[in-house]
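Shown below: structure-v7.cif, with mmCIF, C-alpha atoms.
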```cif
data_final
#
loop_
_atom_site.label_atom_id
_atom_site.label_comp_id
_atom_site.auth_asym_id
_atom_site.auth_seq_id
_atom_site.Cartn_x
_atom_site.Cartn_y
_atom_site.Cartn_z
CA MET A 1 25.09 17.84 -2.81
CA SER A 2 24.79 20.71 -0.34
CA HIS A 3 25.65 20.49 3.37
CA VAL A 4 21.96 20.64 4.30
CA GLN A 5 21.10 17.87 1.81
CA ARG A 6 23.92 15.67 3.16
CA GLU A 7 22.70 16.15 6.71
CA SER A 8 19.13 15.39 5.65
CA PHE A 9 20.21 12.25 3.77
CA CYS A 10 22.42 11.03 6.62
CA GLY A 11 19.61 11.72 9.07
CA LYS A 12 17.17 9.59 7.06
CA VAL A 13 19.70 6.75 6.81
CA SER A 14 20.43 6.95 10.53
CA GLN A 15 16.72 6.98 11.35
CA ARG A 16 16.07 3.90 9.21
CA LEU A 17 19.00 2.06 10.77
CA ARG A 18 17.71 2.82 14.27
CA ARG A 19 14.26 1.52 13.34
CA PHE A 20 15.65 -1.63 11.70
CA LYS A 21 15.14 -4.83 13.65
CA ALA A 22 16.64 -8.03 12.33
CA GLY A 23 13.79 -9.98 13.87
CA ASP A 24 11.30 -8.14 11.65
CA VAL A 25 13.05 -9.35 8.49
CA PHE A 26 14.84 -12.62 9.30
CA THR A 27 11.81 -14.41 10.67
CA TRP A 28 10.81 -18.03 11.09
CA SER A 29 8.51 -17.51 8.13
CA LEU A 30 11.51 -16.54 5.99
CA LEU A 31 13.45 -19.57 7.21
CA LYS A 32 10.48 -21.80 6.39
CA THR A 33 10.29 -20.28 2.90
CA VAL A 34 14.00 -20.89 2.30
CA VAL A 35 13.88 -24.48 3.54
CA MET A 36 10.71 -25.36 1.61
CA GLY A 37 12.13 -23.76 -1.53
CA GLN A 38 15.17 -26.02 -1.33
CA VAL A 39 12.94 -29.04 -0.74
CA LEU A 40 11.28 -28.21 -4.07
CA SER A 41 14.72 -28.00 -5.69
CA ALA A 42 15.60 -31.40 -4.23
CA LEU A 43 12.41 -32.87 -5.72
CA ILE A 44 13.32 -31.48 -9.15
CA CYS A 45 16.75 -33.01 -8.67
CA GLY A 46 15.01 -36.34 -8.06
CA THR A 47 13.12 -36.07 -11.35
CA ALA A 48 16.34 -35.18 -13.18
CA VAL A 49 18.30 -38.10 -11.75
CA THR A 50 15.57 -40.65 -12.50
CA SER A 51 15.17 -39.29 -16.05
CA GLN A 52 18.94 -39.50 -16.53
CA TYR A 53 18.95 -43.15 -15.47
CA LEU A 54 16.00 -43.95 -17.75
CA ALA A 55 17.71 -42.29 -20.73
CA SER A 56 21.28 -43.52 -20.18
CA ASP A 57 20.84 -47.02 -18.76
CA TYR A 58 17.56 -48.11 -20.35
CA ARG A 59 17.38 -45.91 -23.49
CA LEU A 60 13.89 -44.82 -22.45
CA ASP A 61 12.72 -41.45 -23.80
CA VAL A 62 9.03 -41.08 -22.92
CA PRO A 63 8.59 -37.60 -21.38
CA MET A 64 4.86 -37.50 -22.04
CA LEU A 65 4.33 -40.82 -20.27
CA GLN A 66 6.23 -39.46 -17.27
CA SER A 67 4.09 -36.32 -17.23
CA PHE A 68 0.90 -38.33 -17.64
CA LEU A 69 1.71 -40.38 -14.53
CA ASN A 70 2.07 -37.18 -12.50
CA TYR A 71 -1.19 -35.65 -13.72
CA ALA A 72 -2.99 -38.95 -13.17
CA LEU A 73 -1.86 -38.96 -9.51
CA LEU A 74 -3.05 -35.38 -9.09
CA CYS A 75 -6.37 -36.29 -10.67
CA GLY A 76 -6.79 -39.38 -8.53
CA THR A 77 -6.34 -37.43 -5.29
CA TYR A 78 -7.23 -33.73 -5.59
CA THR A 79 -9.90 -34.10 -8.27
CA THR A 80 -11.52 -36.81 -6.15
CA VAL A 81 -11.59 -34.40 -3.20
CA LEU A 82 -13.39 -31.84 -5.39
CA ILE A 83 -15.98 -34.45 -6.37
CA PHE A 84 -16.99 -34.97 -2.74
CA ARG A 85 -17.03 -31.28 -1.85
CA THR A 86 -20.30 -29.42 -1.52
CA GLY A 87 -21.29 -25.88 -2.49
CA ASP A 88 -19.18 -23.66 -4.73
CA GLY A 89 -16.14 -25.88 -4.15
CA ASN A 90 -17.76 -28.87 -5.83
CA ILE A 91 -16.22 -29.92 -9.13
CA LEU A 92 -19.48 -29.45 -11.05
CA GLN A 93 -19.80 -25.84 -9.88
CA ILE A 94 -16.19 -25.14 -10.81
CA LEU A 95 -16.57 -26.73 -14.24
CA LYS A 96 -19.79 -24.84 -14.87
CA LYS A 97 -18.10 -21.48 -14.30
CA LYS A 98 -14.46 -21.92 -15.25
CA TRP A 99 -13.91 -25.17 -17.16
CA TRP A 100 -12.38 -23.46 -20.19
CA LYS A 101 -9.92 -21.48 -18.08
CA TYR A 102 -8.59 -24.62 -16.40
CA PHE A 103 -8.57 -26.42 -19.75
CA LEU A 104 -6.28 -23.70 -21.13
CA LEU A 105 -4.15 -23.94 -17.99
CA GLY A 106 -3.83 -27.69 -18.51
CA ILE A 107 -2.61 -27.15 -22.08
CA VAL A 108 -0.14 -24.48 -20.95
CA ASP A 109 1.33 -26.62 -18.17
CA VAL A 110 1.60 -29.80 -20.25
CA GLU A 111 3.22 -28.04 -23.19
CA ALA A 112 5.65 -26.17 -20.92
CA ASN A 113 6.95 -29.51 -19.63
CA TYR A 114 7.04 -31.04 -23.11
CA ALA A 115 8.79 -28.10 -24.81
CA VAL A 116 11.76 -28.01 -22.45
CA VAL A 117 12.27 -31.80 -22.74
CA LYS A 118 12.19 -31.62 -26.54
CA ALA A 119 14.72 -28.78 -26.45
CA TYR A 120 17.42 -31.22 -25.26
CA GLN A 121 17.24 -32.90 -28.68
CA TYR A 122 18.21 -29.72 -30.52
CA THR A 123 20.39 -27.49 -28.34
CA THR A 124 23.06 -27.65 -25.63
CA LEU A 125 22.71 -27.94 -21.87
CA THR A 126 24.36 -24.52 -21.47
CA SER A 127 21.77 -22.84 -23.67
CA ILE A 128 18.94 -24.52 -21.77
CA GLN A 129 20.32 -23.53 -18.36
CA LEU A 130 20.75 -19.90 -19.42
CA LEU A 131 17.57 -19.41 -21.44
CA ASP A 132 15.42 -21.24 -18.91
CA CYS A 133 16.15 -18.36 -16.51
CA SER A 134 14.04 -16.12 -18.76
CA VAL A 135 11.03 -17.45 -16.85
CA ILE A 136 11.90 -15.04 -14.03
CA PRO A 137 11.73 -11.72 -15.94
CA VAL A 138 8.63 -12.93 -17.80
CA LEU A 139 7.06 -13.92 -14.49
CA MET A 140 7.89 -10.57 -12.90
CA MET A 141 6.38 -8.74 -15.88
CA LEU A 142 3.17 -10.80 -15.74
CA SER A 143 2.97 -10.33 -11.97
CA TRP A 144 3.37 -6.57 -12.46
CA PHE A 145 0.51 -6.32 -14.95
CA PHE A 146 -1.92 -8.98 -13.76
CA LEU A 147 -1.25 -9.49 -10.05
CA LYS A 148 -0.47 -5.81 -9.49
CA THR A 149 2.79 -6.74 -7.74
CA ARG A 150 5.22 -3.88 -7.23
CA TYR A 151 8.90 -4.54 -6.66
CA ARG A 152 11.58 -2.50 -4.93
CA ILE A 153 15.00 -1.90 -6.45
CA ILE A 154 16.43 -4.44 -4.00
CA HIS A 155 14.23 -7.15 -5.55
CA TYR A 156 15.68 -6.49 -9.01
CA VAL A 157 19.16 -6.55 -7.49
CA ALA A 158 18.37 -9.86 -5.77
CA VAL A 159 17.20 -11.36 -9.07
CA CYS A 160 20.41 -10.20 -10.76
CA VAL A 161 22.43 -11.81 -7.95
CA CYS A 162 20.59 -15.12 -8.48
CA LEU A 163 21.16 -14.97 -12.22
CA ALA A 164 24.85 -14.25 -11.58
CA GLY A 165 24.92 -17.46 -9.55
CA VAL A 166 23.44 -19.34 -12.53
CA GLY A 167 26.12 -17.78 -14.74
CA THR A 168 28.77 -19.07 -12.34
CA MET A 169 27.27 -22.55 -12.53
CA VAL A 170 27.24 -22.51 -16.33
CA GLY A 171 30.85 -21.30 -16.35
CA ALA A 172 31.81 -24.21 -14.11
CA ASP A 173 30.04 -26.59 -16.50
CA LEU A 174 31.99 -25.22 -19.46
CA LEU A 175 35.31 -25.47 -17.61
CA ALA A 176 34.48 -29.05 -16.65
CA GLY A 177 33.55 -29.93 -20.24
CA ARG A 178 29.90 -30.63 -19.41
CA ASP A 179 28.37 -28.72 -22.34
CA GLN A 180 26.18 -31.70 -23.18
CA GLY A 181 23.26 -31.93 -25.53
CA SER A 182 22.72 -31.69 -29.25
CA THR A 183 23.54 -28.98 -31.78
CA SER A 184 21.34 -30.32 -34.57
CA ASN A 185 19.08 -27.24 -34.60
CA ILE A 186 20.18 -24.72 -31.99
CA LEU A 187 17.72 -22.05 -33.11
CA LEU A 188 14.75 -24.41 -32.72
CA GLY A 189 16.03 -25.74 -29.41
CA ASP A 190 16.57 -22.26 -27.97
CA GLY A 191 13.13 -21.23 -29.18
CA LEU A 192 11.57 -24.21 -27.40
CA VAL A 193 13.31 -23.26 -24.14
CA ILE A 194 12.06 -19.66 -24.37
CA LEU A 195 8.55 -20.91 -25.21
CA SER A 196 8.67 -23.26 -22.24
CA ALA A 197 9.80 -20.44 -19.93
CA ALA A 198 6.93 -18.21 -21.09
CA LEU A 199 4.39 -21.01 -20.59
CA TYR A 200 5.78 -21.80 -17.14
CA ALA A 201 5.48 -18.11 -16.22
CA ILE A 202 1.81 -18.04 -17.28
CA SER A 203 1.10 -21.25 -15.35
CA ASN A 204 2.87 -19.93 -12.22
CA VAL A 205 1.00 -16.61 -12.27
CA CYS A 206 -2.32 -18.46 -12.59
CA GLN A 207 -1.23 -20.73 -9.75
CA GLU A 208 -0.37 -17.78 -7.48
CA TYR A 209 -3.69 -16.07 -8.16
CA THR A 210 -5.69 -19.26 -7.59
CA VAL A 211 -4.01 -20.42 -4.37
CA LYS A 212 -4.17 -16.94 -2.84
CA ASN A 213 -7.76 -16.19 -3.85
CA ARG A 214 -9.38 -19.61 -4.27
CA SER A 215 -7.74 -22.77 -2.91
CA ARG A 216 -4.77 -25.05 -3.44
CA VAL A 217 -7.04 -28.12 -3.79
CA GLU A 218 -9.08 -26.46 -6.54
CA PHE A 219 -5.95 -25.55 -8.50
CA LEU A 220 -4.38 -29.01 -8.23
CA GLY A 221 -7.66 -30.84 -8.78
CA MET A 222 -8.49 -29.00 -11.98
CA LEU A 223 -4.89 -29.12 -13.21
CA GLY A 224 -4.87 -32.87 -12.54
CA LEU A 225 -8.13 -33.35 -14.43
CA PHE A 226 -7.26 -31.38 -17.56
CA GLY A 227 -3.55 -32.19 -17.41
CA THR A 228 -4.43 -35.90 -17.51
CA LEU A 229 -6.77 -35.31 -20.45
CA VAL A 230 -4.29 -33.25 -22.50
CA SER A 231 -1.20 -35.35 -21.72
CA GLY A 232 -3.17 -38.57 -22.32
CA ILE A 233 -4.19 -37.42 -25.82
CA GLN A 234 -0.65 -36.28 -26.57
CA LEU A 235 0.78 -39.54 -25.21
CA ALA A 236 -1.49 -41.60 -27.46
CA ALA A 237 -0.60 -39.47 -30.49
CA LEU A 238 3.17 -39.13 -30.05
CA GLU A 239 4.54 -41.88 -27.84
CA HIS A 240 2.30 -44.93 -28.30
CA LYS A 241 5.01 -46.74 -30.29
CA ALA A 242 7.73 -45.93 -27.76
CA VAL A 243 5.55 -47.10 -24.87
CA ALA A 244 4.72 -50.35 -26.70
CA LYS A 245 8.45 -51.08 -27.07
CA ILE A 246 9.28 -50.65 -23.39
CA GLN A 247 10.90 -53.73 -21.90
CA TRP A 248 9.22 -53.73 -18.52
CA ARG A 249 11.60 -54.59 -15.71
CA TRP A 250 11.29 -53.80 -12.05
CA GLU A 251 14.10 -51.23 -12.34
CA VAL A 252 12.24 -49.34 -15.09
CA ALA A 253 8.98 -49.45 -13.15
CA LEU A 254 10.75 -48.24 -9.99
CA LEU A 255 12.38 -45.31 -11.81
CA LEU A 256 9.09 -44.29 -13.43
CA CYS A 257 7.29 -44.50 -10.09
CA THR A 258 10.04 -42.50 -8.35
CA PHE A 259 9.82 -39.82 -11.02
CA ALA A 260 6.03 -39.67 -10.72
CA VAL A 261 6.13 -39.44 -6.92
CA CYS A 262 8.75 -36.67 -7.00
CA MET A 263 6.65 -34.70 -9.49
CA TYR A 264 3.48 -35.33 -7.51
CA VAL A 265 5.03 -34.08 -4.26
CA LEU A 266 6.55 -31.12 -6.12
CA TYR A 267 3.19 -30.09 -7.58
CA SER A 268 1.49 -30.65 -4.21
CA CYS A 269 3.99 -28.59 -2.21
CA MET A 270 4.68 -25.78 -4.66
CA PRO A 271 1.32 -24.00 -4.09
CA VAL A 272 2.08 -23.98 -0.34
CA VAL A 273 5.37 -22.15 -0.93
CA VAL A 274 3.76 -19.85 -3.51
CA LYS A 275 1.10 -18.85 -0.99
CA LEU A 276 3.76 -18.26 1.65
CA SER A 277 5.93 -16.19 -0.69
CA SER A 278 5.27 -15.68 -4.42
CA ALA A 279 5.67 -17.45 -7.75
CA THR A 280 8.74 -15.31 -8.51
CA ALA A 281 10.38 -16.24 -5.22
CA VAL A 282 9.69 -19.94 -5.81
CA ASN A 283 11.32 -19.83 -9.23
CA LEU A 284 14.36 -18.13 -7.74
CA SER A 285 14.66 -20.96 -5.22
CA LEU A 286 14.41 -23.53 -8.03
CA LEU A 287 17.60 -22.16 -9.60
CA THR A 288 19.53 -24.38 -7.19
CA ALA A 289 17.91 -27.54 -8.61
CA ASP A 290 20.59 -27.89 -11.31
CA LEU A 291 23.26 -27.60 -8.63
CA PHE A 292 21.68 -30.37 -6.58
CA SER A 293 21.60 -32.51 -9.73
CA LEU A 294 25.29 -31.78 -10.28
CA PHE A 295 26.16 -32.74 -6.72
CA CYS A 296 24.27 -36.02 -7.17
CA GLY A 297 26.06 -36.51 -10.47
CA LEU A 298 29.42 -36.37 -8.68
CA PHE A 299 28.55 -39.69 -7.02
CA LEU A 300 26.15 -41.29 -9.49
CA PHE A 301 27.52 -40.28 -12.90
CA GLN A 302 31.16 -39.44 -12.04
CA TYR A 303 30.91 -35.72 -12.84
CA SER A 304 34.03 -33.68 -12.11
CA PHE A 305 33.83 -31.29 -9.14
CA SER A 306 34.47 -27.55 -9.30
CA GLY A 307 34.60 -25.09 -6.41
CA LEU A 308 32.54 -22.73 -8.57
CA TYR A 309 29.52 -24.95 -7.93
CA VAL A 310 29.69 -24.10 -4.22
CA VAL A 311 30.17 -20.41 -5.04
CA SER A 312 27.14 -20.57 -7.34
CA LEU A 313 24.99 -22.17 -4.62
CA VAL A 314 25.98 -19.50 -2.08
CA VAL A 315 25.34 -16.64 -4.53
CA ILE A 316 21.89 -17.97 -5.51
CA MET A 317 20.92 -18.47 -1.87
CA VAL A 318 22.03 -14.93 -0.96
CA GLY A 319 19.87 -13.52 -3.76
CA PHE A 320 16.90 -15.69 -2.79
CA VAL A 321 17.05 -14.71 0.89
CA THR A 322 17.42 -11.02 -0.03
CA PHE A 323 14.39 -11.18 -2.33
CA ASN A 324 12.20 -12.71 0.38
CA ALA A 325 13.53 -10.67 3.30
CA ILE A 326 12.50 -7.25 1.95
CA PRO A 327 8.75 -6.48 1.68
CA SER A 328 7.25 -5.55 -1.68
CA PRO A 329 5.36 -2.25 -1.77
CA LEU A 330 1.67 -2.75 -2.46
CA PRO A 331 -0.34 -0.63 -4.93
CA PRO A 332 -2.89 1.88 -3.59
CA LEU A 333 -6.35 0.47 -2.96
CA THR A 334 -8.97 1.23 -5.54
CA THR A 335 -12.67 1.43 -4.72
CA GLU A 336 -13.18 -2.03 -6.22
CA MET A 337 -10.25 -3.60 -4.45
CA GLN A 338 -11.20 -2.23 -1.03
CA SER A 339 -14.17 -4.61 -0.89
CA GLU A 340 -12.11 -7.68 -1.79
CA GLU A 341 -9.64 -9.87 0.02
CA GLY A 342 -6.49 -11.59 -1.09
CA GLY A 343 -2.78 -12.32 -0.63
CA TYR A 344 0.58 -10.64 -0.61
CA ASP A 345 3.43 -10.95 -3.04
CA ASN A 346 5.86 -12.38 -0.51
CA GLN A 347 5.99 -13.36 3.11
CA ALA A 348 7.77 -10.19 4.16
CA ALA A 349 4.86 -8.16 2.82
CA GLU A 350 2.92 -9.26 5.86
CA LEU A 351 4.78 -6.44 7.55
CA ASP A 352 3.94 -2.88 6.67
CA HIS A 353 6.56 -0.26 5.89
CA GLU A 354 7.09 0.38 9.61
CA GLY A 355 7.64 -3.31 10.41
CA GLN A 356 4.31 -3.69 12.20
CA ALA A 357 2.60 -7.02 11.57
CA GLY A 358 -0.96 -7.03 10.36
CA SER A 359 -1.52 -3.26 10.16
CA THR A 360 -1.87 -3.13 6.38
CA PRO A 361 -5.23 -4.25 4.94
CA ALA A 362 -5.12 -7.25 2.64
CA ARG A 363 -5.32 -6.59 -1.07
CA ARG A 364 -6.56 -8.87 -3.78
CA SER A 365 -4.60 -9.57 -6.95
CA HIS A 366 -6.43 -9.16 -10.24
CA GLY A 367 -4.97 -12.17 -12.01
CA LEU A 368 -5.08 -13.69 -15.49
CA TRP A 369 -8.36 -15.40 -14.53
CA THR A 370 -10.01 -11.98 -14.16
CA TYR A 371 -8.61 -10.63 -17.42
CA ALA A 372 -9.58 -13.78 -19.30
CA VAL A 373 -13.29 -13.25 -18.67
#
```

Any chance you could put this one into structure tokens?
Amino acid sequence: MSHVQRESFCGKVSQRLRRFKAGDVFTWSLLKTVVMGQVLSALICGTAVTSQYLASDYRLDVPMLQSFLNYALLCGTYTTVLIFRTGDGNILQILKKKWWKYFLLGIVDVEANYAVVKAYQYTTLTSIQLLDCSVIPVLMMLSWFFLKTRYRIIHYVAVCVCLAGVGTMVGADLLAGRDQGSTSNILLGDGLVILSAALYAISNVCQEYTVKNRSRVEFLGMLGLFGTLVSGIQLAALEHKAVAKIQWRWEVALLLCTFAVCMYVLYSCMPVVVKLSSATAVNLSLLTADLFSLFCGLFLFQYSFSGLYVVSLVVIMVGFVTFNAIPSPLPPLTTEMQSEEGGYDNQAAELDHEGQAGSTPARRSHGLWTYAV
């Protein structure tokens, strides 16, 4: 590098450092995103703990029943709201135009939940923890093509940092002898995890497009309607015998209700965080859910503690904050997109490249809904 090039490079770095203001990056919006992301992780931890109690203490393995309860709650609240809406937001208008799209979304979401639960019967916990992270690269790829999201190098670095934190957690599990699960058919189990990750990615991209361009209530109402329908059919076909054999006690009913409430609140709050940030950012925040479950297991299931769990939590949080703190560059406006409105990839994208709030026109994502027409 020549002397002139070095001076030019150093000048650019110095200029950027002088323009940098911590308040433009580390905002209250970022703090809210971080806190809400960890609330979602805590809710997932609640579902994991209740499922563990049902399986270990009461020998109850009814994942489709548990999912059905969640979808039924969504249907009973958000779908009801759509029924009483008027205009284009009314459920009849939505069904008339897009019923088949939401029906496919219901299938995708139900089967994503079912596939990962079934995977525990065939492969190990370590494999599930590692392969389940494949949802993030699949989600980023789908966001690139369908939502027109563009990432900076720092975002890829942040994702790698988060995945390194997951690797640390898995290493701690292996050292502690917690490689639980089955090895009856590892290939099938691993395939189910990858399938589940791909289905989750599709569902999350559809969710991001809908909540940023339509409404959160529409997404949850239609998912509740078709999720209840699909999971109800699957429950009747696959688990009717297991449900008939349940010995109903107040403890079992309480655990099932707790699971359903945790899932309901998770589904209700997740679109809020997605709209504030992005589906990719939300999934990065959910990487800490396994750690929260492990910390609960220290007290509830006598798991052994490892300092690597704390290291893993810190590493994941550093990656998550970095991903959300740096704005994503937006694609150039096309003639079609200039006349539309929409959302940003993450909360930091509300600032333009100079750090000025609100000076960049909003751009609309062309999601899977558009390409499915």

Residue IDs satisfying the PyMOL selection byres ((chain A and resi 40-48) around 7), as a PyMOL selection string: chain A and resi 36-39+49-52+259+262-263+266+286+288-290+292-293

Point-to-point distance in Å for CA of Gly165 (chain A) and CA of Ser67 (chain A): 29.1 Å

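The closest residue to Val34 (chain A), picked from A:Val116, A:Leu298, A:Leu276, A:Leu175 and counting all atoms listed in the file, is A:Leu276.
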
Contacts of Asn90 (chain A) within 12 Å, all atoms listed in the file, excl. fewer than 4 positions in-chain, as a ChimeraX atom specification: /A:78-86,94-97,217-218,221-222

Result set, the PyMOL selection byres ((chain A and resi 236-252) around 8) on current file, as a VMD selection string: chain A and resid 54 58 60 to 62 64 to 65 232 to 235 253 to 256

Write a file of the just-selected residues containing C-alpha atoms, as a CSV table (one decimal), keeping the file's coordinate frame.
```
chain,number,residue,atom,x,y,z
A,54,LEU,CA,16.0,-44.0,-17.8
A,58,TYR,CA,17.6,-48.1,-20.4
A,60,LEU,CA,13.9,-44.8,-22.4
A,61,ASP,CA,12.7,-41.4,-23.8
A,62,VAL,CA,9.0,-41.1,-22.9
A,64,MET,CA,4.9,-37.5,-22.0
A,65,LEU,CA,4.3,-40.8,-20.3
A,232,GLY,CA,-3.2,-38.6,-22.3
A,233,ILE,CA,-4.2,-37.4,-25.8
A,234,GLN,CA,-0.6,-36.3,-26.6
A,235,LEU,CA,0.8,-39.5,-25.2
A,253,ALA,CA,9.0,-49.4,-13.2
A,254,LEU,CA,10.8,-48.2,-10.0
A,255,LEU,CA,12.4,-45.3,-11.8
A,256,LEU,CA,9.1,-44.3,-13.4
```

Resolved residues for the PyMOL selection byres ((chain A and resi 220) around 12) as a ChimeraX atom specification: /A:70-82,91,102,105-106,109,203,206-208,210-211,214-219,221-228,264-272

Straight-line distance linking CA of Gln66 (chain A) with CA of Lys275 (chain A), stated in Å to one decimal: 26.8 Å

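Distances from A:Ser328, A:Ser231, A:Ser277, A:Asn113 to Ser29 (chain A) were compared using only C-alpha atoms, and the smallest one belongs to A:Ser277.
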
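Going from CA of Phe305 (chain A) to CA of Leu287 (chain A) covers 18.6 Å.
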
Close residues, Val161 (chain A) itself excluded, 8 Å, only C-alpha atoms, min 2 positions apart in chain, as a VMD selection string: chain A and resid 157 to 159 163 to 165 315 to 316 318 to 319

Among the residues A:Cys257, A:Leu300, A:Tyr156, A:Met141, the one that comes closest to Phe320 (chain A) [using all atoms listed in the file]: A:Tyr156

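Distance check against Ile194 (chain A) using all atoms listed in the file: of A:Val261, A:Ile128, A:Leu142, A:Val230, the minimum falls on A:Ile128.
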
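In this comparison, which uses all atoms listed in the file, the residue of A:Asn213, A:Ser134, A:Asn185, A:Thr258 approaching Ala198 (chain A) most closely is A:Ser134.
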
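Using all atoms listed in the file, the shortest contact distance between Ile107 (chain A) and any of A:Tyr151, A:Ile136, A:Asn283, A:Ile202 is found at A:Ile202.
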